[in-house]
>>> print(open('target.pdb').read())   # PDB, C-alpha atoms, pLDDT in the B column
ATOM      1  CA  MET A  14      84.225  89.501 136.643  1.00 86.00           C
ATOM      2  CA  ALA A  15      85.167  91.155 139.923  1.00 91.00           C
ATOM      3  CA  ALA A  16      87.435  88.202 140.744  1.00 93.00           C
ATOM      4  CA  ILE A  17      89.248  88.506 137.388  1.00 92.00           C
ATOM      5  CA  TRP A  18      89.716  92.249 137.930  1.00 90.00           C
ATOM      6  CA  ALA A  19      91.059  91.631 141.451  1.00 93.00           C
ATOM      7  CA  ARG A  20      93.456  88.969 140.145  1.00 94.00           C
ATOM      8  CA  TYR A  21      94.672  91.264 137.367  1.00 92.00           C
ATOM      9  CA  ASN A  22      95.328  94.060 139.866  1.00 91.00           C
ATOM     10  CA  ALA A  23      97.137  91.659 142.203  1.00 94.00           C
ATOM     11  CA  MET A  24      99.363  90.543 139.303  1.00 94.00           C
ATOM     12  CA  LEU A  25      99.903  94.179 138.327  1.00 93.00           C
ATOM     13  CA  GLU A  26     101.012  94.968 141.865  1.00 93.00           C
ATOM     14  CA  ALA A  27     103.267  91.909 142.216  1.00 96.00           C
ATOM     15  CA  GLN A  28     104.772  91.858 138.701  1.00 96.00           C
ATOM     16  CA  PRO A  29     103.897  95.032 136.802  1.00 95.00           C
ATOM     17  CA  LEU A  30     106.268  94.548 133.861  1.00 96.00           C
ATOM     18  CA  LEU A  31     105.274  90.920 133.221  1.00 97.00           C
ATOM     19  CA  THR A  32     101.573  91.743 133.598  1.00 95.00           C
ATOM     20  CA  LYS A  33     101.802  94.612 131.118  1.00 94.00           C
ATOM     21  CA  ALA A  34     103.818  92.472 128.694  1.00 96.00           C
ATOM     22  CA  LEU A  35     101.171  89.727 128.880  1.00 96.00           C
ATOM     23  CA  THR A  36      98.432  92.329 128.401  1.00 93.00           C
ATOM     24  CA  SER A  37     100.191  93.596 125.259  1.00 94.00           C
ATOM     25  CA  LEU A  38     100.715  90.030 124.040  1.00 96.00           C
ATOM     26  CA  THR A  39      96.952  89.547 124.290  1.00 94.00           C
ATOM     27  CA  GLY A  40      96.132  92.847 122.581  1.00 91.00           C
ATOM     28  CA  PHE A  41      98.438  92.290 119.630  1.00 92.00           C
ATOM     29  CA  THR A  42      97.462  88.641 119.225  1.00 94.00           C
ATOM     30  CA  VAL A  43      93.724  89.318 119.288  1.00 93.00           C
ATOM     31  CA  GLY A  44      94.142  92.319 116.955  1.00 89.00           C
ATOM     32  CA  ASP A  45      95.943  90.185 114.381  1.00 90.00           C
ATOM     33  CA  ILE A  46      93.411  87.377 114.649  1.00 93.00           C
ATOM     34  CA  VAL A  47      90.599  89.861 114.002  1.00 90.00           C
ATOM     35  CA  ALA A  48      92.535  91.382 111.083  1.00 87.00           C
ATOM     36  CA  GLN A  49      93.153  88.009 109.461  1.00 91.00           C
ATOM     37  CA  LYS A  50      89.736  86.496 110.127  1.00 92.00           C
ATOM     38  CA  PHE A  51      87.576  89.482 109.230  1.00 88.00           C
ATOM     39  CA  VAL A  52      89.541  92.148 107.323  1.00 84.00           C
ATOM     40  CA  GLU A  53      91.636  89.806 105.201  1.00 84.00           C
ATOM     41  CA  ALA A  54      89.325  86.793 105.293  1.00 85.00           C
ATOM     42  CA  ASP A  55      90.047  85.963 101.660  1.00 89.00           C
ATOM     43  CA  LYS A  56      93.666  85.059 102.488  1.00 90.00           C
ATOM     44  CA  GLU A  57      94.932  81.882 104.130  1.00 94.00           C
ATOM     45  CA  TYR A  58      95.436  82.328 107.868  1.00 95.00           C
ATOM     46  CA  ASP A  59      99.113  82.987 108.699  1.00 95.00           C
ATOM     47  CA  TYR A  60      99.911  81.575 112.156  1.00 97.00           C
ATOM     48  CA  MET A  61     103.480  82.882 112.052  1.00 96.00           C
ATOM     49  CA  ARG A  62     102.153  86.390 111.494  1.00 94.00           C
ATOM     50  CA  THR A  63     100.047  86.068 114.656  1.00 96.00           C
ATOM     51  CA  LEU A  64     103.103  84.782 116.504  1.00 97.00           C
ATOM     52  CA  ARG A  65     105.166  87.746 115.254  1.00 96.00           C
ATOM     53  CA  LEU A  66     102.526  90.265 116.308  1.00 95.00           C
ATOM     54  CA  GLY A  67     101.951  88.615 119.682  1.00 96.00           C
ATOM     55  CA  SER A  68     105.667  88.424 120.399  1.00 98.00           C
ATOM     56  CA  PHE A  69     106.004  92.102 119.479  1.00 97.00           C
ATOM     57  CA  GLY A  70     103.321  92.897 122.045  1.00 96.00           C
ATOM     58  CA  PHE A  71     105.047  90.813 124.711  1.00 97.00           C
ATOM     59  CA  LEU A  72     108.676  91.662 124.044  1.00 98.00           C
ATOM     60  CA  VAL A  73     108.424  95.256 122.865  1.00 97.00           C
ATOM     61  CA  HIS A  74     105.086  97.032 123.349  1.00 95.00           C
ATOM     62  CA  GLY A  75     104.411  95.979 126.944  1.00 94.00           C
ATOM     63  CA  THR A  76     107.942  96.741 128.060  1.00 95.00           C
ATOM     64  CA  LEU A  77     108.202 100.068 126.234  1.00 96.00           C
ATOM     65  CA  GLY A  78     104.757 101.096 127.441  1.00 93.00           C
ATOM     66  CA  HIS A  79     105.608 100.266 131.040  1.00 94.00           C
ATOM     67  CA  TYR A  80     108.780 102.352 131.021  1.00 96.00           C
ATOM     68  CA  PHE A  81     107.645 105.153 128.707  1.00 96.00           C
ATOM     69  CA  TYR A  82     104.386 105.931 130.512  1.00 93.00           C
ATOM     70  CA  GLY A  83     106.101 105.549 133.879  1.00 94.00           C
ATOM     71  CA  PHE A  84     108.768 108.037 132.765  1.00 95.00           C
ATOM     72  CA  LEU A  85     106.176 110.443 131.388  1.00 95.00           C
ATOM     73  CA  ASP A  86     104.183 110.336 134.634  1.00 94.00           C
ATOM     74  CA  SER A  87     107.315 110.856 136.731  1.00 96.00           C
ATOM     75  CA  LYS A  88     108.320 113.954 134.742  1.00 97.00           C
ATOM     76  CA  MET A  89     104.796 115.353 134.324  1.00 96.00           C
ATOM     77  CA  PRO A  90     102.655 114.235 137.247  1.00 95.00           C
ATOM     78  CA  GLY A  91      99.012 115.142 137.476  1.00 94.00           C
ATOM     79  CA  THR A  92      95.964 115.350 135.277  1.00 95.00           C
ATOM     80  CA  ALA A  93      95.591 119.084 134.667  1.00 97.00           C
ATOM     81  CA  ALA A  94      94.527 119.974 131.127  1.00 97.00           C
ATOM     82  CA  THR A  95      97.931 121.453 130.207  1.00 97.00           C
ATOM     83  CA  THR A  96      99.746 118.393 131.564  1.00 97.00           C
ATOM     84  CA  VAL A  97      97.468 116.070 129.620  1.00 97.00           C
ATOM     85  CA  MET A  98      97.984 118.079 126.419  1.00 98.00           C
ATOM     86  CA  LYS A  99     101.772 117.969 126.868  1.00 97.00           C
ATOM     87  CA  LYS A 100     101.732 114.206 127.441  1.00 97.00           C
ATOM     88  CA  VAL A 101      99.551 113.623 124.378  1.00 97.00           C
ATOM     89  CA  ALA A 102     101.783 115.897 122.279  1.00 97.00           C
ATOM     90  CA  ILE A 103     104.954 114.067 123.382  1.00 97.00           C
ATOM     91  CA  ASP A 104     103.326 110.680 122.832  1.00 96.00           C
ATOM     92  CA  GLN A 105     102.083 111.507 119.345  1.00 96.00           C
ATOM     93  CA  THR A 106     104.948 113.631 117.999  1.00 96.00           C
ATOM     94  CA  MET A 107     107.904 111.740 119.478  1.00 96.00           C
ATOM     95  CA  ALA A 108     106.923 108.289 120.710  1.00 96.00           C
ATOM     96  CA  ASN A 109     104.490 107.522 117.876  1.00 95.00           C
ATOM     97  CA  PRO A 110     107.020 107.845 114.996  1.00 97.00           C
ATOM     98  CA  ILE A 111     109.654 105.979 117.017  1.00 97.00           C
ATOM     99  CA  PHE A 112     107.102 103.254 117.731  1.00 95.00           C
ATOM    100  CA  GLY A 113     106.433 102.991 113.987  1.00 95.00           C
ATOM    101  CA  LEU A 114     110.151 102.571 113.268  1.00 97.00           C
ATOM    102  CA  ILE A 115     110.397  99.863 115.923  1.00 97.00           C
ATOM    103  CA  PHE A 116     107.181  98.115 114.839  1.00 95.00           C
ATOM    104  CA  PHE A 117     108.113  97.912 111.158  1.00 95.00           C
ATOM    105  CA  GLY A 118     111.700  97.042 112.087  1.00 97.00           C
ATOM    106  CA  TYR A 119     110.607  94.187 114.334  1.00 98.00           C
ATOM    107  CA  LEU A 120     108.348  92.731 111.659  1.00 96.00           C
ATOM    108  CA  ASN A 121     111.064  93.176 109.038  1.00 96.00           C
ATOM    109  CA  PHE A 122     113.647  91.416 111.238  1.00 97.00           C
ATOM    110  CA  THR A 123     111.375  88.546 112.285  1.00 97.00           C
ATOM    111  CA  GLU A 124     110.372  87.967 108.650  1.00 96.00           C
ATOM    112  CA  GLY A 125     114.037  87.812 107.597  1.00 97.00           C
ATOM    113  CA  LYS A 126     113.745  90.761 105.228  1.00 96.00           C
ATOM    114  CA  SER A 127     116.593  92.993 104.098  1.00 97.00           C
ATOM    115  CA  TRP A 128     117.539  96.474 105.261  1.00 97.00           C
ATOM    116  CA  GLN A 129     116.355  97.846 101.896  1.00 96.00           C
ATOM    117  CA  GLN A 130     112.965  96.198 102.361  1.00 96.00           C
ATOM    118  CA  TYR A 131     112.731  97.922 105.756  1.00 97.00           C
ATOM    119  CA  VAL A 132     113.579 101.286 104.204  1.00 97.00           C
ATOM    120  CA  ASP A 133     111.009 100.695 101.443  1.00 96.00           C
ATOM    121  CA  LYS A 134     108.382  99.793 104.052  1.00 93.00           C
ATOM    122  CA  LEU A 135     109.071 102.970 105.992  1.00 96.00           C
ATOM    123  CA  LYS A 136     108.796 105.082 102.858  1.00 96.00           C
ATOM    124  CA  ALA A 137     105.551 103.376 101.868  1.00 93.00           C
ATOM    125  CA  ASP A 138     103.744 103.102 105.219  1.00 92.00           C
ATOM    126  CA  LEU A 139     105.307 105.019 108.146  1.00 94.00           C
ATOM    127  CA  GLN A 140     103.467 108.257 107.414  1.00 94.00           C
ATOM    128  CA  THR A 141     100.174 106.379 107.058  1.00 91.00           C
ATOM    129  CA  ALA A 142     100.794 104.650 110.397  1.00 90.00           C
ATOM    130  CA  VAL A 143     101.648 107.888 112.205  1.00 94.00           C
ATOM    131  CA  VAL A 144      98.789 109.941 110.764  1.00 93.00           C
ATOM    132  CA  GLY A 145      96.354 107.037 111.166  1.00 89.00           C
ATOM    133  CA  SER A 146      97.418 106.812 114.777  1.00 91.00           C
ATOM    134  CA  TRP A 147      96.391 110.389 115.455  1.00 94.00           C
ATOM    135  CA  THR A 148      92.728 109.672 114.750  1.00 92.00           C
ATOM    136  CA  VAL A 149      92.684 107.007 117.457  1.00 92.00           C
ATOM    137  CA  TRP A 150      95.337 107.903 119.977  1.00 94.00           C
ATOM    138  CA  ILE A 151      94.919 111.662 120.416  1.00 96.00           C
ATOM    139  CA  PRO A 152      91.411 111.284 121.864  1.00 96.00           C
ATOM    140  CA  ALA A 153      92.265 107.961 123.535  1.00 96.00           C
ATOM    141  CA  HIS A 154      95.337 109.354 125.279  1.00 96.00           C
ATOM    142  CA  THR A 155      93.510 112.504 126.293  1.00 97.00           C
ATOM    143  CA  ILE A 156      91.128 110.233 128.222  1.00 96.00           C
ATOM    144  CA  ASN A 157      94.039 108.021 129.322  1.00 95.00           C
ATOM    145  CA  PHE A 158      96.166 110.778 130.846  1.00 96.00           C
ATOM    146  CA  ARG A 159      93.193 112.600 132.356  1.00 96.00           C
ATOM    147  CA  PHE A 160      91.136 109.797 133.876  1.00 96.00           C
ATOM    148  CA  VAL A 161      92.975 106.457 133.941  1.00 95.00           C
ATOM    149  CA  PRO A 162      95.126 105.651 136.995  1.00 93.00           C
ATOM    150  CA  PRO A 163      98.803 105.240 135.970  1.00 91.00           C
ATOM    151  CA  GLN A 164      98.957 101.550 136.884  1.00 89.00           C
ATOM    152  CA  GLN A 165      95.940 100.851 134.631  1.00 91.00           C
ATOM    153  CA  ARG A 166      97.152 102.826 131.601  1.00 90.00           C
ATOM    154  CA  LEU A 167      98.590  99.936 129.609  1.00 86.00           C
ATOM    155  CA  LEU A 168      95.434  97.868 130.148  1.00 88.00           C
ATOM    156  CA  TYR A 169      93.331 100.775 128.882  1.00 92.00           C
ATOM    157  CA  ILE A 170      95.695 101.261 125.925  1.00 89.00           C
ATOM    158  CA  ASN A 171      95.675  97.560 125.081  1.00 84.00           C
ATOM    159  CA  THR A 172      91.890  97.448 125.146  1.00 89.00           C
ATOM    160  CA  ILE A 173      91.812 100.122 122.453  1.00 91.00           C
ATOM    161  CA  GLN A 174      94.934  98.633 120.892  1.00 85.00           C
ATOM    162  CA  ILE A 175      93.049  95.448 119.981  1.00 84.00           C
ATOM    163  CA  PHE A 176      90.995  97.433 117.477  1.00 84.00           C
ATOM    164  CA  TYR A 177      93.878  99.646 116.411  1.00 85.00           C
ATOM    165  CA  ASN A 178      96.010  96.527 115.907  1.00 77.00           C
ATOM    166  CA  VAL A 179      93.639  95.408 113.169  1.00 78.00           C
ATOM    167  CA  PHE A 180      94.882  98.478 111.247  1.00 77.00           C
ATOM    168  CA  LEU A 181      98.520  97.951 112.326  1.00 76.00           C
ATOM    169  CA  SER A 182      98.446  94.263 111.482  1.00 75.00           C
ATOM    170  CA  PHE A 183      97.048  94.976 108.041  1.00 73.00           C
ATOM    171  CA  LEU A 184      99.493  97.828 107.396  1.00 74.00           C
ATOM    172  CA  GLY A 185     102.479  95.987 108.832  1.00 75.00           C
ATOM    173  CA  ASN A 186     101.869  92.977 106.638  1.00 76.00           C
ATOM    174  CA  LYS A 187     100.905  94.826 103.468  1.00 77.00           C
ATOM    175  CA  GLU A 188     103.377  94.205 100.673  1.00 81.00           C
ATOM    176  CA  VAL A 189     105.275  97.209  99.376  1.00 82.00           C
ATOM    177  CA  LYS A 190     104.342  97.617  95.729  1.00 77.00           C
ATOM    178  CA  GLU A 191     107.042  97.927  93.085  1.00 62.00           C
ATOM    179  CA  GLU A 192     105.703 101.335  92.005  1.00 52.00           C
ATOM    180  CA  THR A 193     106.369 102.654  95.506  1.00 47.00           C
ATOM    181  CA  LYS A 194     109.952 101.407  95.349  1.00 49.00           C
ATOM    182  CA  GLU A 195     110.510 103.009  91.944  1.00 51.00           C
ATOM    183  CA  GLU A 196     109.113 106.382  93.074  1.00 52.00           C
ATOM    184  CA  ALA A 197     111.800 106.732  95.754  1.00 51.00           C
TER     185      ALA A 197
END
>>> encode(input="target.pdb", output="structure tokens")
Amino acid sequence: MAAIWARYNAMLEAQPLLTKALTSLTGFTVGDIVAQKFVEADKEYDYMRTLRLGSFGFLVHGTLGHYFYGFLDSKMPGTAATTVMKKVAIDQTMANPIFGLIFFGYLNFTEGKSWQQYVDKLKADLQTAVVGSWTVWIPAHTINFRFVPPQQRLLYINTIQIFYNVFLSFLGNKEVKEETKEEA
């Protein structure tokens, strides 16, 4: 295990963006596999869904996480309680809703859905995603910003993200019901 950890850290040092993108690819892929195999076990396994979620992790989440958390740390260095609270507040009130827009937009685009279907999805599920996120990410990011070294943050996040992605995968792939569309 020590050798794997050393190799990961060497990759993180040599190619931080690629390493974080691969870490996010793993987190989103595993999260979707768990969601499909255990939460939605009654449905036929959708390999394209896993590919969509994994590619989102690689192309979007890892890259955004690398730059966003790097930016946040550069503007608010340190681990004092007030700094941690500010970082968590920014992450959950600004980045979290934007992440939801990007996440649902990416899935919508890669599934070939229309703009109206994207709007309907946001109306139906964005609030649930944002509020659901608070139960996981407020305590997780409090620990993250207080105790986790900056270079290890995305690994820590992706470890938790595997379990959170079960929720995201389910929510992201839940069909918008006609009643929801008519209520708008």
>>> residues_around(input="target.pdb", residues="Leu139 (chain A)", least_positions_apart="3", cutoff="10 Å", atoms="only C-alpha atoms", output="tab-separated table (two decimals) with C-alpha atoms, in the frame of the given file")
chain	number	residue	atom	x	y	z
A	110	PRO	CA	107.02	107.84	115.00
A	111	ILE	CA	109.65	105.98	117.02
A	112	PHE	CA	107.10	103.25	117.73
A	113	GLY	CA	106.43	102.99	113.99
A	114	LEU	CA	110.15	102.57	113.27
A	116	PHE	CA	107.18	98.12	114.84
A	117	PHE	CA	108.11	97.91	111.16
A	132	VAL	CA	113.58	101.29	104.20
A	133	ASP	CA	111.01	100.70	101.44
A	134	LYS	CA	108.38	99.79	104.05
A	135	LEU	CA	109.07	102.97	105.99
A	136	LYS	CA	108.80	105.08	102.86
A	142	ALA	CA	100.79	104.65	110.40
A	143	VAL	CA	101.65	107.89	112.20
A	144	VAL	CA	98.79	109.94	110.76
A	145	GLY	CA	96.35	107.04	111.17
A	184	LEU	CA	99.49	97.83	107.40
A	185	GLY	CA	102.48	95.99	108.83
>>> resolve_selection(input="target.pdb", expression="the PyMOL selection byres ((chain A and resi 98) around 12)", output="list in words")
Met89, Gly91, Thr92, Ala93, Ala94, Thr95, Thr96, Val97, Lys99, Lys100, Val101, Ala102, Ile103, Asp104, Gln105, Thr106, Ile151, Pro152, Ala153, His154, Thr155, Ile156, Asn157, Phe158 and Arg159 of chain A
>>> resolve_selection(input="target.pdb", expression="the PyMOL selection byres ((chain A and resi 70) around 9)", output="PDB file with C-alpha atoms, in the frame of the given file")
ATOM      1  CA  ALA A  34     103.818  92.472 128.694  1.00 96.00           C
ATOM      2  CA  LEU A  35     101.171  89.727 128.880  1.00 96.00           C
ATOM      3  CA  THR A  36      98.432  92.329 128.401  1.00 93.00           C
ATOM      4  CA  SER A  37     100.191  93.596 125.259  1.00 94.00           C
ATOM      5  CA  LEU A  38     100.715  90.030 124.040  1.00 96.00           C
ATOM      6  CA  THR A  39      96.952  89.547 124.290  1.00 94.00           C
ATOM      7  CA  GLY A  40      96.132  92.847 122.581  1.00 91.00           C
ATOM      8  CA  PHE A  41      98.438  92.290 119.630  1.00 92.00           C
ATOM      9  CA  THR A  42      97.462  88.641 119.225  1.00 94.00           C
ATOM     10  CA  ARG A  65     105.166  87.746 115.254  1.00 96.00           C
ATOM     11  CA  LEU A  66     102.526  90.265 116.308  1.00 95.00           C
ATOM     12  CA  GLY A  67     101.951  88.615 119.682  1.00 96.00           C
ATOM     13  CA  SER A  68     105.667  88.424 120.399  1.00 98.00           C
ATOM     14  CA  PHE A  69     106.004  92.102 119.479  1.00 97.00           C
ATOM     15  CA  PHE A  71     105.047  90.813 124.711  1.00 97.00           C
ATOM     16  CA  LEU A  72     108.676  91.662 124.044  1.00 98.00           C
ATOM     17  CA  VAL A  73     108.424  95.256 122.865  1.00 97.00           C
ATOM     18  CA  HIS A  74     105.086  97.032 123.349  1.00 95.00           C
ATOM     19  CA  GLY A  75     104.411  95.979 126.944  1.00 94.00           C
ATOM     20  CA  THR A  76     107.942  96.741 128.060  1.00 95.00           C
TER      21      THR A  76
END
>>> closest_residue(input="target.pdb", among="A:Leu85, A:Asn22, A:Asn186, A:Leu167", to="Tyr131 (chain A)", atoms="only C-alpha atoms")
A:Asn186
>>> atom_distance(input="target.pdb", atom1="CA of Ile46 (chain A)", atom2="CA of Leu120 (chain A)")
16.1 Å
>>> axis_aligned_box(input="target.pdb", around="region 74-93 of chain A", padding_each_side="6 Å", output="JSON")
{"center_x": 102.2, "center_y": 107.5, "center_z": 130.4, "size_x": 25.2, "size_y": 35.1, "size_z": 26.1}
>>> atom_distance(input="target.pdb", atom1="CA of Tyr177 (chain A)", atom2="CA of Pro90 (chain A)")
26.9 Å
>>> closest_residue(input="target.pdb", among="A:Ala16, A:Ala108, A:Leu31, A:Ala23", to="Trp147 (chain A)", atoms="all atoms listed in the file")
A:Ala108
>>> resolve_selection(input="target.pdb", expression="the PyMOL selection byres ((chain A and resi 47) around 12)", output="list in words")
Gly40, Phe41, Thr42, Val43, Gly44, Asp45, Ile46, Ala48, Gln49, Lys50, Phe51, Val52, Glu53, Ala54, Tyr58, Thr63, Gln174, Ile175, Phe176, Tyr177, Asn178, Val179, Phe180, Leu181, Ser182 and Phe183 of chain A
>>> atom_distance(input="target.pdb", atom1="CA of Ile17 (chain A)", atom2="CA of Asp86 (chain A)")
26.6 Å
>>> closest_residue(input="target.pdb", among="A:Gly78, A:Thr172, A:Thr123, A:Gln165", to="Glu26 (chain A)", atoms="all atoms listed in the file")
A:Gln165
>>> closest_residue(input="target.pdb", among="A:Gly125, A:Ile170, A:Gln130, A:Pro29", to="Lys190 (chain A)", atoms="all atoms listed in the file")
A:Gln130
>>> build_atoms(input="target.pdb", residues="region 49-63 of chain A", atoms="N, CA, C and O atoms", output="PDB file, in the frame of the given file")
ATOM      1  N   GLN A  49      93.074  89.117 110.421  1.00 91.00           N
ATOM      2  CA  GLN A  49      93.153  88.009 109.461  1.00 91.00           C
ATOM      3  C   GLN A  49      91.805  87.338 109.225  1.00 91.00           C
ATOM      4  O   GLN A  49      91.496  86.930 108.104  1.00 91.00           O
ATOM      5  N   LYS A  50      91.013  87.205 110.252  1.00 92.00           N
ATOM      6  CA  LYS A  50      89.736  86.496 110.127  1.00 92.00           C
ATOM      7  C   LYS A  50      88.635  87.345 109.484  1.00 92.00           C
ATOM      8  O   LYS A  50      87.756  86.801 108.812  1.00 92.00           O
ATOM      9  N   PHE A  51      88.684  88.646 109.685  1.00 88.00           N
ATOM     10  CA  PHE A  51      87.576  89.482 109.230  1.00 88.00           C
ATOM     11  C   PHE A  51      87.961  90.514 108.176  1.00 88.00           C
ATOM     12  O   PHE A  51      87.181  90.767 107.266  1.00 88.00           O
ATOM     13  N   VAL A  52      89.135  91.127 108.289  1.00 84.00           N
ATOM     14  CA  VAL A  52      89.541  92.148 107.323  1.00 84.00           C
ATOM     15  C   VAL A  52      90.158  91.506 106.083  1.00 84.00           C
ATOM     16  O   VAL A  52      89.890  91.917 104.964  1.00 84.00           O
ATOM     17  N   GLU A  53      90.956  90.489 106.305  1.00 84.00           N
ATOM     18  CA  GLU A  53      91.636  89.806 105.201  1.00 84.00           C
ATOM     19  C   GLU A  53      91.169  88.346 105.107  1.00 84.00           C
ATOM     20  O   GLU A  53      91.976  87.446 104.898  1.00 84.00           O
ATOM     21  N   ALA A  54      89.892  88.141 105.236  1.00 85.00           N
ATOM     22  CA  ALA A  54      89.325  86.793 105.293  1.00 85.00           C
ATOM     23  C   ALA A  54      89.555  85.987 104.019  1.00 85.00           C
ATOM     24  O   ALA A  54      89.496  84.760 104.052  1.00 85.00           O
ATOM     25  N   ASP A  55      89.842  86.671 102.924  1.00 89.00           N
ATOM     26  CA  ASP A  55      90.047  85.963 101.660  1.00 89.00           C
ATOM     27  C   ASP A  55      91.422  85.312 101.566  1.00 89.00           C
ATOM     28  O   ASP A  55      91.671  84.511 100.680  1.00 89.00           O
ATOM     29  N   LYS A  56      92.321  85.634 102.487  1.00 90.00           N
ATOM     30  CA  LYS A  56      93.666  85.059 102.488  1.00 90.00           C
ATOM     31  C   LYS A  56      93.734  83.873 103.449  1.00 90.00           C
ATOM     32  O   LYS A  56      92.963  83.780 104.401  1.00 90.00           O
ATOM     33  N   GLU A  57      94.703  83.001 103.213  1.00 94.00           N
ATOM     34  CA  GLU A  57      94.932  81.882 104.130  1.00 94.00           C
ATOM     35  C   GLU A  57      95.486  82.428 105.449  1.00 94.00           C
ATOM     36  O   GLU A  57      96.323  83.322 105.457  1.00 94.00           O
ATOM     37  N   TYR A  58      94.994  81.862 106.548  1.00 95.00           N
ATOM     38  CA  TYR A  58      95.436  82.328 107.868  1.00 95.00           C
ATOM     39  C   TYR A  58      96.924  82.053 108.048  1.00 95.00           C
ATOM     40  O   TYR A  58      97.401  80.960 107.775  1.00 95.00           O
ATOM     41  N   ASP A  59      97.664  83.061 108.514  1.00 95.00           N
ATOM     42  CA  ASP A  59      99.113  82.987 108.699  1.00 95.00           C
ATOM     43  C   ASP A  59      99.410  82.940 110.203  1.00 95.00           C
ATOM     44  O   ASP A  59      99.422  83.975 110.877  1.00 95.00           O
ATOM     45  N   TYR A  60      99.657  81.751 110.725  1.00 97.00           N
ATOM     46  CA  TYR A  60      99.911  81.575 112.156  1.00 97.00           C
ATOM     47  C   TYR A  60     101.214  82.245 112.586  1.00 97.00           C
ATOM     48  O   TYR A  60     101.309  82.767 113.695  1.00 97.00           O
ATOM     49  N   MET A  61     102.205  82.237 111.716  1.00 96.00           N
ATOM     50  CA  MET A  61     103.480  82.882 112.052  1.00 96.00           C
ATOM     51  C   MET A  61     103.301  84.394 112.187  1.00 96.00           C
ATOM     52  O   MET A  61     103.950  85.023 113.010  1.00 96.00           O
ATOM     53  N   ARG A  62     102.445  84.956 111.394  1.00 94.00           N
ATOM     54  CA  ARG A  62     102.153  86.390 111.494  1.00 94.00           C
ATOM     55  C   ARG A  62     101.576  86.699 112.876  1.00 94.00           C
ATOM     56  O   ARG A  62     101.981  87.665 113.526  1.00 94.00           O
ATOM     57  N   THR A  63     100.630  85.875 113.326  1.00 96.00           N
ATOM     58  CA  THR A  63     100.047  86.068 114.656  1.00 96.00           C
ATOM     59  C   THR A  63     101.118  85.923 115.729  1.00 96.00           C
ATOM     60  O   THR A  63     101.157  86.706 116.686  1.00 96.00           O
TER      61      THR A  63
END
